[in-house]
Amino acid sequence: MTDYKLVLENLVKYFGRRLVFSQINQIFTSGNVYGISGPNGSGKSTLVKIIANIISPTRGTVVHLLSDSIIIPEKLLEHIGFVAPYLYLYDEFTAEENLIHFSNIRGIKFDKERAEFLFRKLNLIDRKDDIIRGYSSGMKQRLKFIFALLHRPQCIILDEPTSNLDNNGKERVYDLILEEAKSNLVLVASNEDSDLALCKNVISIENYKQNKT
Amino acid sequence: MKAYSLFKKDWQSELRTRYAINSLAMFILVTISVILFSIGSEKITGYLTGGLLWVVIFFSAMSGLSRAFVSEEERGTTMTLHLIASTTTIFSGKLIFNLLLVFLMNFVITFLFFILFESFIIKNFLLFTFAFLLGNIGIAVSSTIIAAIISKASSKGTLYPVLSFPILLPLILTLLELTKFAMDGNSINDSIVEILVLICYDVIMLTASYLLFDFIWKE
């Protein structure tokens with residue numbers, strides 16, 4: 001199991017004058033699935049984007065540690081896998097072409113074996129050579145999991161992981177989440193009870209709405 | 001290498017979608033046709049054709065070069081790029097893409113000017129080549145950073161020429177001057193001040209772009 005730790009210290013986010021959340025202090029460790037819950041528009045996606053270093057917090061810090069060494073922001077991409085409904089892949093390429101391009105841009109060798117394993121696991125093996133413009137929304141969602149897991153990240157951030165998925169798709173994704181959580185840190189931001197049922201601990205964004213500064 | 005991989009992805013995407021190439025080709029074709037129709041059988045001076053060349057280049061750049069970032073924003077793939085590449089890689093990859101596009105576009109425009117306008121005669125070809133190379137680099141760098149800025153705005157189409165005009169104006173004015181010198185047959189030594197201005201412009205824009213891109217890219 002990897003020794004990955006995510007530390008949120010006094011995290012505050014404002015959009016203009018609107019407070020999204022305040023004073024989030026949490027520690028997440030590998031080997032577990034953690035949940036982030038809250039109603040629509042409560043700031044779940046904002047929090048996961050801050051954790052993934054996509055947007056900056058107004059105040060506070062997010063520290064990613066691998067074996068107690070701080071991961072510098074420039075290297076963070078190598079350790080994070082991210083799935084979200086607002087994440088889009090390149091429609092004009094096939095699924096496999098997308099993954100090859102992503103590996104090359106990351107500066108790593110395309111792991112064909114791992115890709116095939118994930119394609120099989122998510123039931124996309126027969127469609128991997130199709131241009132993804134023709135994919136259904138559920139297939140695109142499953143492909144995002146392959147995108148997120150191909151480079152074997154230690155911190156997997158899933159924002160509404162089962163959106164657009166049918167029951168079979170959900171089962172496959174849940175299996176994958178539990179498998180990944182054996183060795184990695186998995187964060188799930190969702191409203192779905194079945195998604196949150198996988199989590200060891202769930203934090204509610206609604207508990208961080210008061211300005212304590 | 002990572003920047004080259006990003007450029008390769010963009011180039012393959014461009015070949016499949018033809019976002020920028022089609023709009024650039026149409027713009028060049030329409031603009032030069034309009035100029036030819038409006039001139040008719042009138043004789044125009046060499047200086048004027050030199051000026052027209054850079055006018056066509058400036059507006060062609062406005063029509064196609066913003067695609068590098070705008071297409072990512074419109075397709076919602078900006079976040080995907082965030083997750084796979086550092087800001088330096090992203091800017092370098094997009095810059096290589098725009099450099100290629102600018103060189104291709106300006107080569108075609110200049111070639112068309114040579115064959116379609118009798119008065120477009122360059123006496124010092126080496127000086128013109130210098131101006132052409134340095135000018136293209138300046139246009140590509142400026143267009144790339146402006147494209148990054150406007151991709152985050154809501155009125156992208158209007159903002160691009162508005163922001164580009166003051167940034168590209170010193171470059172275009174210097175290029176106009178150098179084209180005039182090249183038409184007059186002046187030596188490189190006589191035009192060294194303008195060439196140094198171009199080099200300084202390119203270096204300043206490149207440095208400022210790399211320094212600013214991190215702030216522009218990250219929300």
# chains A, B, ... in the order shown; residues from 1 in each chain; ligands from 1
>>> interface_residues(of="chain B", to="chain A", cutoff="12 Å", atoms="only C-alpha atoms", output="PDB file with N, CA, C and O atoms, in the first residue's frame")
ATOM      1  N   MET B   1       9.856  17.814 -24.871  1.00  0.00           N
ATOM      2  CA  MET B   1       9.237  16.605 -25.445  1.00  0.00           C
ATOM      3  C   MET B   1       7.736  16.554 -25.136  1.00  0.00           C
ATOM      4  O   MET B   1       6.923  16.206 -25.974  1.00  0.00           O
ATOM      5  N   LYS B   2       7.392  16.949 -23.878  1.00  0.00           N
ATOM      6  CA  LYS B   2       5.976  16.969 -23.492  1.00  0.00           C
ATOM      7  C   LYS B   2       5.251  18.034 -24.301  1.00  0.00           C
ATOM      8  O   LYS B   2       4.123  17.830 -24.743  1.00  0.00           O
ATOM      9  N   ALA B   3       5.913  19.194 -24.479  1.00  0.00           N
ATOM     10  CA  ALA B   3       5.315  20.284 -25.267  1.00  0.00           C
ATOM     11  C   ALA B   3       5.121  19.837 -26.708  1.00  0.00           C
ATOM     12  O   ALA B   3       4.097  20.136 -27.333  1.00  0.00           O
ATOM     13  N   TYR B   4       6.099  19.082 -27.226  1.00  0.00           N
ATOM     14  CA  TYR B   4       5.983  18.582 -28.598  1.00  0.00           C
ATOM     15  C   TYR B   4       4.802  17.605 -28.698  1.00  0.00           C
ATOM     16  O   TYR B   4       4.065  17.620 -29.694  1.00  0.00           O
ATOM     17  N   SER B   5       4.603  16.777 -27.658  1.00  0.00           N
ATOM     18  CA  SER B   5       3.473  15.836 -27.662  1.00  0.00           C
ATOM     19  C   SER B   5       2.143  16.582 -27.649  1.00  0.00           C
ATOM     20  O   SER B   5       1.188  16.172 -28.315  1.00  0.00           O
ATOM     21  N   LEU B   6       2.099  17.687 -26.919  1.00  0.00           N
ATOM     22  CA  LEU B   6       0.873  18.500 -26.891  1.00  0.00           C
ATOM     23  C   LEU B   6       0.637  19.141 -28.257  1.00  0.00           C
ATOM     24  O   LEU B   6      -0.489  19.172 -28.760  1.00  0.00           O
ATOM     25  N   PHE B   7       1.740  19.623 -28.861  1.00  0.00           N
ATOM     26  CA  PHE B   7       1.639  20.196 -30.209  1.00  0.00           C
ATOM     27  C   PHE B   7       1.131  19.129 -31.190  1.00  0.00           C
ATOM     28  O   PHE B   7       0.258  19.389 -32.021  1.00  0.00           O
ATOM     29  N   LYS B   8       1.675  17.908 -31.050  1.00  0.00           N
ATOM     30  CA  LYS B   8       1.288  16.813 -31.954  1.00  0.00           C
ATOM     31  C   LYS B   8      -0.212  16.507 -31.810  1.00  0.00           C
ATOM     32  O   LYS B   8      -0.916  16.309 -32.799  1.00  0.00           O
ATOM     33  N   LYS B   9      -0.679  16.505 -30.562  1.00  0.00           N
ATOM     34  CA  LYS B   9      -2.114  16.275 -30.310  1.00  0.00           C
ATOM     35  C   LYS B   9      -2.937  17.375 -30.974  1.00  0.00           C
ATOM     36  O   LYS B   9      -3.935  17.113 -31.651  1.00  0.00           O
ATOM     37  N   ASP B  10      -2.492  18.625 -30.804  1.00  0.00           N
ATOM     38  CA  ASP B  10      -3.218  19.766 -31.384  1.00  0.00           C
ATOM     39  C   ASP B  10      -3.212  19.711 -32.906  1.00  0.00           C
ATOM     40  O   ASP B  10      -4.206  20.027 -33.552  1.00  0.00           O
ATOM     41  N   TRP B  11      -2.066  19.337 -33.458  1.00  0.00           N
ATOM     42  CA  TRP B  11      -1.954  19.310 -34.925  1.00  0.00           C
ATOM     43  C   TRP B  11      -2.859  18.222 -35.507  1.00  0.00           C
ATOM     44  O   TRP B  11      -3.552  18.437 -36.495  1.00  0.00           O
ATOM     45  N   GLN B  12      -2.834  17.040 -34.874  1.00  0.00           N
ATOM     46  CA  GLN B  12      -3.709  15.950 -35.352  1.00  0.00           C
ATOM     47  C   GLN B  12      -5.179  16.338 -35.194  1.00  0.00           C
ATOM     48  O   GLN B  12      -6.002  16.049 -36.071  1.00  0.00           O
ATOM     49  N   SER B  13      -5.482  17.011 -34.092  1.00  0.00           N
ATOM     50  CA  SER B  13      -6.853  17.471 -33.858  1.00  0.00           C
ATOM     51  C   SER B  13      -7.246  18.494 -34.928  1.00  0.00           C
ATOM     52  O   SER B  13      -8.351  18.460 -35.461  1.00  0.00           O
ATOM     53  N   GLU B  14      -6.315  19.381 -35.254  1.00  0.00           N
ATOM     54  CA  GLU B  14      -6.574  20.404 -36.273  1.00  0.00           C
ATOM     55  C   GLU B  14      -6.818  19.767 -37.645  1.00  0.00           C
ATOM     56  O   GLU B  14      -7.715  20.173 -38.385  1.00  0.00           O
ATOM     57  N   LEU B  15      -6.020  18.739 -37.957  1.00  0.00           N
ATOM     58  CA  LEU B  15      -6.189  18.073 -39.258  1.00  0.00           C
ATOM     59  C   LEU B  15      -7.561  17.393 -39.350  1.00  0.00           C
ATOM     60  O   LEU B  15      -8.121  17.257 -40.432  1.00  0.00           O
ATOM     61  N   ARG B  16      -8.084  16.963 -38.203  1.00  0.00           N
ATOM     62  CA  ARG B  16      -9.400  16.299 -38.222  1.00  0.00           C
ATOM     63  C   ARG B  16     -10.560  17.283 -38.161  1.00  0.00           C
ATOM     64  O   ARG B  16     -11.601  17.051 -38.751  1.00  0.00           O
ATOM     65  N   THR B  17     -10.372  18.366 -37.413  1.00  0.00           N
ATOM     66  CA  THR B  17     -11.511  19.287 -37.229  1.00  0.00           C
ATOM     67  C   THR B  17     -11.443  20.497 -38.152  1.00  0.00           C
ATOM     68  O   THR B  17     -12.471  21.086 -38.468  1.00  0.00           O
ATOM     69  N   ARG B  18     -10.224  20.876 -38.568  1.00  0.00           N
ATOM     70  CA  ARG B  18      -9.982  22.060 -39.428  1.00  0.00           C
ATOM     71  C   ARG B  18     -10.587  23.325 -38.826  1.00  0.00           C
ATOM     72  O   ARG B  18     -11.136  24.147 -39.541  1.00  0.00           O
ATOM     73  N   TYR B  19     -10.467  23.488 -37.528  1.00  0.00           N
ATOM     74  CA  TYR B  19     -10.982  24.703 -36.871  1.00  0.00           C
ATOM     75  C   TYR B  19     -10.247  25.942 -37.402  1.00  0.00           C
ATOM     76  O   TYR B  19     -10.864  26.875 -37.891  1.00  0.00           O
ATOM     77  N   SER B  71     -10.595  26.900 -28.654  1.00  0.00           N
ATOM     78  CA  SER B  71     -11.208  25.601 -28.975  1.00  0.00           C
ATOM     79  C   SER B  71     -11.205  24.680 -27.757  1.00  0.00           C
ATOM     80  O   SER B  71     -12.140  23.925 -27.535  1.00  0.00           O
ATOM     81  N   GLU B  72     -10.148  24.762 -26.935  1.00  0.00           N
ATOM     82  CA  GLU B  72     -10.094  23.945 -25.705  1.00  0.00           C
ATOM     83  C   GLU B  72     -11.209  24.378 -24.752  1.00  0.00           C
ATOM     84  O   GLU B  72     -11.897  23.555 -24.151  1.00  0.00           O
ATOM     85  N   GLU B  73     -11.378  25.706 -24.647  1.00  0.00           N
ATOM     86  CA  GLU B  73     -12.380  26.245 -23.726  1.00  0.00           C
ATOM     87  C   GLU B  73     -13.783  25.880 -24.209  1.00  0.00           C
ATOM     88  O   GLU B  73     -14.640  25.469 -23.433  1.00  0.00           O
ATOM     89  N   GLU B  74     -14.013  26.009 -25.514  1.00  0.00           N
ATOM     90  CA  GLU B  74     -15.348  25.730 -26.062  1.00  0.00           C
ATOM     91  C   GLU B  74     -15.716  24.250 -25.954  1.00  0.00           C
ATOM     92  O   GLU B  74     -16.871  23.903 -25.775  1.00  0.00           O
ATOM     93  N   ARG B  75     -14.709  23.388 -26.101  1.00  0.00           N
ATOM     94  CA  ARG B  75     -14.996  21.948 -26.017  1.00  0.00           C
ATOM     95  C   ARG B  75     -14.954  21.434 -24.587  1.00  0.00           C
ATOM     96  O   ARG B  75     -15.195  20.267 -24.335  1.00  0.00           O
ATOM     97  N   GLY B  76     -14.585  22.318 -23.657  1.00  0.00           N
ATOM     98  CA  GLY B  76     -14.559  21.937 -22.243  1.00  0.00           C
ATOM     99  C   GLY B  76     -13.360  21.081 -21.873  1.00  0.00           C
ATOM    100  O   GLY B  76     -13.353  20.446 -20.815  1.00  0.00           O
ATOM    101  N   THR B  77     -12.317  21.082 -22.710  1.00  0.00           N
ATOM    102  CA  THR B  77     -11.159  20.220 -22.445  1.00  0.00           C
ATOM    103  C   THR B  77     -10.045  20.942 -21.676  1.00  0.00           C
ATOM    104  O   THR B  77      -8.992  20.348 -21.444  1.00  0.00           O
ATOM    105  N   THR B  78     -10.322  22.190 -21.288  1.00  0.00           N
ATOM    106  CA  THR B  78      -9.307  22.949 -20.548  1.00  0.00           C
ATOM    107  C   THR B  78      -8.899  22.213 -19.267  1.00  0.00           C
ATOM    108  O   THR B  78      -7.718  22.119 -18.947  1.00  0.00           O
ATOM    109  N   MET B  79      -9.901  21.680 -18.568  1.00  0.00           N
ATOM    110  CA  MET B  79      -9.606  20.993 -17.316  1.00  0.00           C
ATOM    111  C   MET B  79      -8.784  19.718 -17.552  1.00  0.00           C
ATOM    112  O   MET B  79      -7.921  19.369 -16.748  1.00  0.00           O
ATOM    113  N   THR B  80      -9.060  19.062 -18.665  1.00  0.00           N
ATOM    114  CA  THR B  80      -8.283  17.859 -18.998  1.00  0.00           C
ATOM    115  C   THR B  80      -6.807  18.240 -19.147  1.00  0.00           C
ATOM    116  O   THR B  80      -5.925  17.535 -18.638  1.00  0.00           O
ATOM    117  N   LEU B  81      -6.564  19.367 -19.819  1.00  0.00           N
ATOM    118  CA  LEU B  81      -5.175  19.824 -19.974  1.00  0.00           C
ATOM    119  C   LEU B  81      -4.558  20.142 -18.611  1.00  0.00           C
ATOM    120  O   LEU B  81      -3.399  19.816 -18.369  1.00  0.00           O
ATOM    121  N   HIS B  82      -5.357  20.770 -17.750  1.00  0.00           N
ATOM    122  CA  HIS B  82      -4.892  21.078 -16.393  1.00  0.00           C
ATOM    123  C   HIS B  82      -4.369  19.826 -15.698  1.00  0.00           C
ATOM    124  O   HIS B  82      -3.413  19.881 -14.937  1.00  0.00           O
ATOM    125  N   LEU B  83      -5.058  18.706 -15.949  1.00  0.00           N
ATOM    126  CA  LEU B  83      -4.764  17.473 -15.217  1.00  0.00           C
ATOM    127  C   LEU B  83      -3.614  16.666 -15.817  1.00  0.00           C
ATOM    128  O   LEU B  83      -3.140  15.731 -15.191  1.00  0.00           O
ATOM    129  N   ILE B  84      -3.197  17.010 -17.034  1.00  0.00           N
ATOM    130  CA  ILE B  84      -2.147  16.185 -17.636  1.00  0.00           C
ATOM    131  C   ILE B  84      -0.846  16.934 -17.899  1.00  0.00           C
ATOM    132  O   ILE B  84       0.184  16.304 -18.140  1.00  0.00           O
ATOM    133  N   ALA B  85      -0.906  18.274 -17.882  1.00  0.00           N
ATOM    134  CA  ALA B  85       0.318  19.006 -18.242  1.00  0.00           C
ATOM    135  C   ALA B  85       0.534  20.225 -17.362  1.00  0.00           C
ATOM    136  O   ALA B  85      -0.419  20.853 -16.900  1.00  0.00           O
ATOM    137  N   SER B  86       1.812  20.559 -17.174  1.00  0.00           N
ATOM    138  CA  SER B  86       2.154  21.761 -16.403  1.00  0.00           C
ATOM    139  C   SER B  86       1.896  22.989 -17.281  1.00  0.00           C
ATOM    140  O   SER B  86       1.768  22.877 -18.508  1.00  0.00           O
ATOM    141  N   THR B  87       1.847  24.153 -16.653  1.00  0.00           N
ATOM    142  CA  THR B  87       1.558  25.381 -17.413  1.00  0.00           C
ATOM    143  C   THR B  87       2.631  25.642 -18.474  1.00  0.00           C
ATOM    144  O   THR B  87       2.307  26.074 -19.579  1.00  0.00           O
ATOM    145  N   THR B  88       3.886  25.366 -18.143  1.00  0.00           N
ATOM    146  CA  THR B  88       4.969  25.590 -19.119  1.00  0.00           C
ATOM    147  C   THR B  88       4.766  24.699 -20.333  1.00  0.00           C
ATOM    148  O   THR B  88       4.921  25.147 -21.484  1.00  0.00           O
ATOM    149  N   THR B  89       4.405  23.442 -20.089  1.00  0.00           N
ATOM    150  CA  THR B  89       4.185  22.507 -21.201  1.00  0.00           C
ATOM    151  C   THR B  89       3.030  23.009 -22.072  1.00  0.00           C
ATOM    152  O   THR B  89       3.123  22.994 -23.303  1.00  0.00           O
ATOM    153  N   ILE B  90       1.952  23.445 -21.413  1.00  0.00           N
ATOM    154  CA  ILE B  90       0.768  23.886 -22.167  1.00  0.00           C
ATOM    155  C   ILE B  90       1.114  25.096 -23.024  1.00  0.00           C
ATOM    156  O   ILE B  90       0.836  25.111 -24.230  1.00  0.00           O
ATOM    157  N   SER B  92       4.060  26.139 -24.045  1.00  0.00           N
ATOM    158  CA  SER B  92       5.038  25.801 -25.090  1.00  0.00           C
ATOM    159  C   SER B  92       4.367  25.038 -26.226  1.00  0.00           C
ATOM    160  O   SER B  92       4.630  25.315 -27.404  1.00  0.00           O
ATOM    161  N   GLY B  93       3.509  24.083 -25.893  1.00  0.00           N
ATOM    162  CA  GLY B  93       2.821  23.287 -26.917  1.00  0.00           C
ATOM    163  C   GLY B  93       1.951  24.155 -27.804  1.00  0.00           C
ATOM    164  O   GLY B  93       1.973  24.038 -29.039  1.00  0.00           O
ATOM    165  N   ASP B 214       1.011  31.364 -16.000  1.00  0.00           N
ATOM    166  CA  ASP B 214       0.562  30.627 -14.812  1.00  0.00           C
ATOM    167  C   ASP B 214      -0.642  31.320 -14.159  1.00  0.00           C
ATOM    168  O   ASP B 214      -1.604  30.668 -13.759  1.00  0.00           O
ATOM    169  N   PHE B 215      -0.604  32.656 -14.095  1.00  0.00           N
ATOM    170  CA  PHE B 215      -1.695  33.418 -13.478  1.00  0.00           C
ATOM    171  C   PHE B 215      -2.942  33.415 -14.363  1.00  0.00           C
ATOM    172  O   PHE B 215      -4.062  33.404 -13.862  1.00  0.00           O
ATOM    173  N   ILE B 216      -2.723  33.437 -15.674  1.00  0.00           N
ATOM    174  CA  ILE B 216      -3.858  33.463 -16.602  1.00  0.00           C
ATOM    175  C   ILE B 216      -4.563  32.115 -16.606  1.00  0.00           C
ATOM    176  O   ILE B 216      -5.778  32.020 -16.596  1.00  0.00           O
ATOM    177  N   TRP B 217      -3.766  31.066 -16.602  1.00  0.00           N
ATOM    178  CA  TRP B 217      -4.292  29.712 -16.795  1.00  0.00           C
ATOM    179  C   TRP B 217      -5.039  29.192 -15.576  1.00  0.00           C
ATOM    180  O   TRP B 217      -6.072  28.561 -15.690  1.00  0.00           O
ATOM    181  N   LYS B 218      -4.490  29.485 -14.387  1.00  0.00           N
ATOM    182  CA  LYS B 218      -5.100  28.936 -13.176  1.00  0.00           C
ATOM    183  C   LYS B 218      -6.133  29.906 -12.631  1.00  0.00           C
ATOM    184  O   LYS B 218      -5.837  31.084 -12.455  1.00  0.00           O
ATOM    185  N   GLU B 219      -7.347  29.399 -12.411  1.00  0.00           N
ATOM    186  CA  GLU B 219      -8.426  30.271 -11.903  1.00  0.00           C
ATOM    187  C   GLU B 219      -8.148  30.693 -10.467  1.00  0.00           C
ATOM    188  O   GLU B 219      -7.650  29.919  -9.684  1.00  0.00           O
TER     189      GLU B 219
END
>>> residues_around(residues="Ser163 of chain A", least_positions_apart="4", cutoff="12 Å", atoms="only C-alpha atoms", output="ChimeraX atom specification")
/A:83-86,137-142,144,158-159,167,169-170,173,189-192,194-195
>>> select_by_dssp(residues="segment 86-135 of chain B", states="helix (DSSP H, G or I)", output="number ranges by chain")
B: 87-116, 125-135
>>> closest_residue(among="B:Leu133, B:Ile192, B:Ile21, B:Ile146", to="Phe213 of chain B", atoms="only C-alpha atoms")
B:Ile146
>>> atom_distance(atom1="atom CA of Tyr47 of chain B", atom2="atom CA of Leu127 of chain B")
15.5 Å
>>> residues_around(residues="Arg120 of chain A", least_positions_apart="5", cutoff="12 Å", atoms="only C-alpha atoms", output="number ranges by chain")
A: 113-115, 125-128, 142-143, 146, 172, 176
>>> write_last_selection(atoms="N, CA, C and O atoms", output="tab-separated table (two decimals), in the first residue's frame")
chain	number	residue	atom	x	y	z
A	113	GLU	N	-0.89	-2.52	-21.65
A	113	GLU	CA	-1.44	-3.62	-20.83
A	113	GLU	C	-2.45	-3.08	-19.81
A	113	GLU	O	-3.55	-3.63	-19.66
A	114	ARG	N	-2.05	-2.00	-19.14
A	114	ARG	CA	-2.93	-1.38	-18.14
A	114	ARG	C	-4.20	-0.84	-18.82
A	114	ARG	O	-5.30	-0.99	-18.29
A	115	ALA	N	-4.01	-0.23	-19.99
A	115	ALA	CA	-5.16	0.32	-20.72
A	115	ALA	C	-6.14	-0.80	-21.09
A	115	ALA	O	-7.35	-0.67	-20.90
A	125	ILE	N	-13.76	-2.47	-24.17
A	125	ILE	CA	-12.71	-3.05	-25.01
A	125	ILE	C	-13.12	-3.11	-26.49
A	125	ILE	O	-12.30	-2.87	-27.38
A	126	ASP	N	-14.39	-3.39	-26.75
A	126	ASP	CA	-14.83	-3.50	-28.16
A	126	ASP	C	-14.99	-2.15	-28.83
A	126	ASP	O	-15.11	-2.09	-30.05
A	127	ARG	N	-15.02	-1.10	-28.05
A	127	ARG	CA	-15.24	0.23	-28.63
A	127	ARG	C	-14.01	1.14	-28.51
A	127	ARG	O	-14.11	2.33	-28.78
A	128	LYS	N	-12.87	0.56	-28.13
A	128	LYS	CA	-11.70	1.42	-27.87
A	128	LYS	C	-11.16	2.09	-29.12
A	128	LYS	O	-10.48	3.12	-29.03
A	142	ARG	N	-17.38	6.18	-18.29
A	142	ARG	CA	-16.51	5.04	-17.99
A	142	ARG	C	-15.09	5.28	-18.53
A	142	ARG	O	-14.11	4.92	-17.89
A	143	LEU	N	-15.04	5.93	-19.72
A	143	LEU	CA	-13.72	6.22	-20.30
A	143	LEU	C	-12.93	7.19	-19.41
A	143	LEU	O	-11.71	7.09	-19.30
A	146	ILE	N	-10.85	5.38	-17.03
A	146	ILE	CA	-9.60	4.86	-17.60
A	146	ILE	C	-8.57	5.98	-17.68
A	146	ILE	O	-7.40	5.80	-17.34
A	172	ARG	N	-19.63	-1.84	-11.85
A	172	ARG	CA	-18.23	-1.93	-12.32
A	172	ARG	C	-17.37	-0.85	-11.68
A	172	ARG	O	-16.24	-1.08	-11.27
A	176	LEU	N	-14.22	-1.09	-8.99
A	176	LEU	CA	-12.94	-0.44	-9.27
A	176	LEU	C	-12.52	0.48	-8.12
A	176	LEU	O	-11.36	0.48	-7.71
>>> residues_around(residues="Thr31 of chain B", least_positions_apart="5", cutoff="10 Å", atoms="only C-alpha atoms", output="VMD selection string")
chain B and resid 26 36 to 37 55 to 56 59 to 60
>>> select_by_dssp(residues="segment 1-85 of chain A", states="strand (DSSP E or B)", output="VMD selection string")
chain A and resid 4 to 15 18 to 29 33 to 37 59 to 66 69 to 70 80 to 83
>>> atom_distance(atom1="atom CA of Asn98 of chain B", atom2="atom CA of Ala68 of chain B")
7.2 Å
>>> residues_around(residues="Ser33 of chain B", least_positions_apart="4", cutoff="12 Å", atoms="only C-alpha atoms", output="list in words")
Met26, Phe27, Ile28, Leu29, Phe37, Ser38, Ile39, Gly40, Val56, Ile109, Leu112, Phe113, Leu116 and Phe117 of chain B
>>> write_last_selection(atoms="N, CA, C and O atoms", output="PDB file, in the first residue's frame")
ATOM      1  N   MET B  26      -9.831  30.682 -45.718  1.00  0.00           N
ATOM      2  CA  MET B  26     -10.935  31.478 -46.266  1.00  0.00           C
ATOM      3  C   MET B  26     -10.651  32.964 -46.115  1.00  0.00           C
ATOM      4  O   MET B  26     -10.905  33.752 -47.017  1.00  0.00           O
ATOM      5  N   PHE B  27     -10.115  33.329 -44.947  1.00  0.00           N
ATOM      6  CA  PHE B  27      -9.845  34.747 -44.709  1.00  0.00           C
ATOM      7  C   PHE B  27      -8.803  35.276 -45.695  1.00  0.00           C
ATOM      8  O   PHE B  27      -8.975  36.352 -46.285  1.00  0.00           O
ATOM      9  N   ILE B  28      -7.735  34.506 -45.886  1.00  0.00           N
ATOM     10  CA  ILE B  28      -6.669  34.938 -46.802  1.00  0.00           C
ATOM     11  C   ILE B  28      -7.229  35.093 -48.217  1.00  0.00           C
ATOM     12  O   ILE B  28      -7.020  36.106 -48.892  1.00  0.00           O
ATOM     13  N   LEU B  29      -7.979  34.084 -48.635  1.00  0.00           N
ATOM     14  CA  LEU B  29      -8.558  34.082 -49.993  1.00  0.00           C
ATOM     15  C   LEU B  29      -9.488  35.275 -50.205  1.00  0.00           C
ATOM     16  O   LEU B  29      -9.367  36.019 -51.187  1.00  0.00           O
ATOM     17  N   PHE B  37      -9.942  43.107 -56.365  1.00  0.00           N
ATOM     18  CA  PHE B  37     -11.133  43.689 -57.012  1.00  0.00           C
ATOM     19  C   PHE B  37     -11.175  45.205 -56.817  1.00  0.00           C
ATOM     20  O   PHE B  37     -11.530  45.945 -57.724  1.00  0.00           O
ATOM     21  N   SER B  38     -10.828  45.645 -55.596  1.00  0.00           N
ATOM     22  CA  SER B  38     -10.936  47.084 -55.329  1.00  0.00           C
ATOM     23  C   SER B  38      -9.852  47.881 -56.045  1.00  0.00           C
ATOM     24  O   SER B  38     -10.059  49.034 -56.400  1.00  0.00           O
ATOM     25  N   ILE B  39      -8.692  47.279 -56.265  1.00  0.00           N
ATOM     26  CA  ILE B  39      -7.627  47.973 -57.006  1.00  0.00           C
ATOM     27  C   ILE B  39      -7.979  48.030 -58.501  1.00  0.00           C
ATOM     28  O   ILE B  39      -7.804  49.055 -59.164  1.00  0.00           O
ATOM     29  N   GLY B  40      -8.524  46.953 -59.016  1.00  0.00           N
ATOM     30  CA  GLY B  40      -8.871  46.872 -60.433  1.00  0.00           C
ATOM     31  C   GLY B  40      -7.624  47.024 -61.291  1.00  0.00           C
ATOM     32  O   GLY B  40      -6.605  46.369 -61.035  1.00  0.00           O
ATOM     33  N   VAL B  56      -3.057  42.412 -44.140  1.00  0.00           N
ATOM     34  CA  VAL B  56      -3.668  41.087 -44.360  1.00  0.00           C
ATOM     35  C   VAL B  56      -3.151  40.095 -43.307  1.00  0.00           C
ATOM     36  O   VAL B  56      -3.928  39.335 -42.720  1.00  0.00           O
ATOM     37  N   ILE B 109       0.525  33.955 -47.738  1.00  0.00           N
ATOM     38  CA  ILE B 109       0.138  35.350 -48.027  1.00  0.00           C
ATOM     39  C   ILE B 109       1.254  36.054 -48.819  1.00  0.00           C
ATOM     40  O   ILE B 109       1.001  36.689 -49.850  1.00  0.00           O
ATOM     41  N   LEU B 112       1.474  34.785 -52.344  1.00  0.00           N
ATOM     42  CA  LEU B 112       0.381  35.330 -53.171  1.00  0.00           C
ATOM     43  C   LEU B 112       0.648  36.793 -53.538  1.00  0.00           C
ATOM     44  O   LEU B 112       0.363  37.217 -54.658  1.00  0.00           O
ATOM     45  N   PHE B 113       1.205  37.548 -52.599  1.00  0.00           N
ATOM     46  CA  PHE B 113       1.532  38.954 -52.893  1.00  0.00           C
ATOM     47  C   PHE B 113       2.593  39.036 -53.990  1.00  0.00           C
ATOM     48  O   PHE B 113       2.514  39.886 -54.878  1.00  0.00           O
ATOM     49  N   LEU B 116       0.743  38.075 -57.293  1.00  0.00           N
ATOM     50  CA  LEU B 116      -0.448  38.824 -57.712  1.00  0.00           C
ATOM     51  C   LEU B 116      -0.234  40.339 -57.807  1.00  0.00           C
ATOM     52  O   LEU B 116      -0.983  41.020 -58.505  1.00  0.00           O
ATOM     53  N   PHE B 117       0.757  40.880 -57.085  1.00  0.00           N
ATOM     54  CA  PHE B 117       0.963  42.334 -57.119  1.00  0.00           C
ATOM     55  C   PHE B 117       2.297  42.654 -57.803  1.00  0.00           C
ATOM     56  O   PHE B 117       3.358  42.321 -57.262  1.00  0.00           O
TER      57      PHE B 117
END
>>> decode(residues="segment 15-29 of chain B", atoms="C-alpha atoms", output="compact mmCIF listing (two decimals), in the first residue's frame")
# COMPACT_ATOMS: atom_id res chain seq x y z
CA LEU B 15 -6.19 18.07 -39.26
CA ARG B 16 -9.40 16.30 -38.22
CA THR B 17 -11.51 19.29 -37.23
CA ARG B 18 -9.98 22.06 -39.43
CA TYR B 19 -10.98 24.70 -36.87
CA ALA B 20 -8.15 27.15 -37.60
CA ILE B 21 -6.90 26.10 -41.05
CA ASN B 22 -10.26 26.58 -42.76
CA SER B 23 -10.95 29.98 -41.24
CA LEU B 24 -7.41 31.15 -42.04
CA ALA B 25 -7.54 29.88 -45.64
CA MET B 26 -10.93 31.48 -46.27
CA PHE B 27 -9.84 34.75 -44.71
CA ILE B 28 -6.67 34.94 -46.80
CA LEU B 29 -8.56 34.08 -49.99
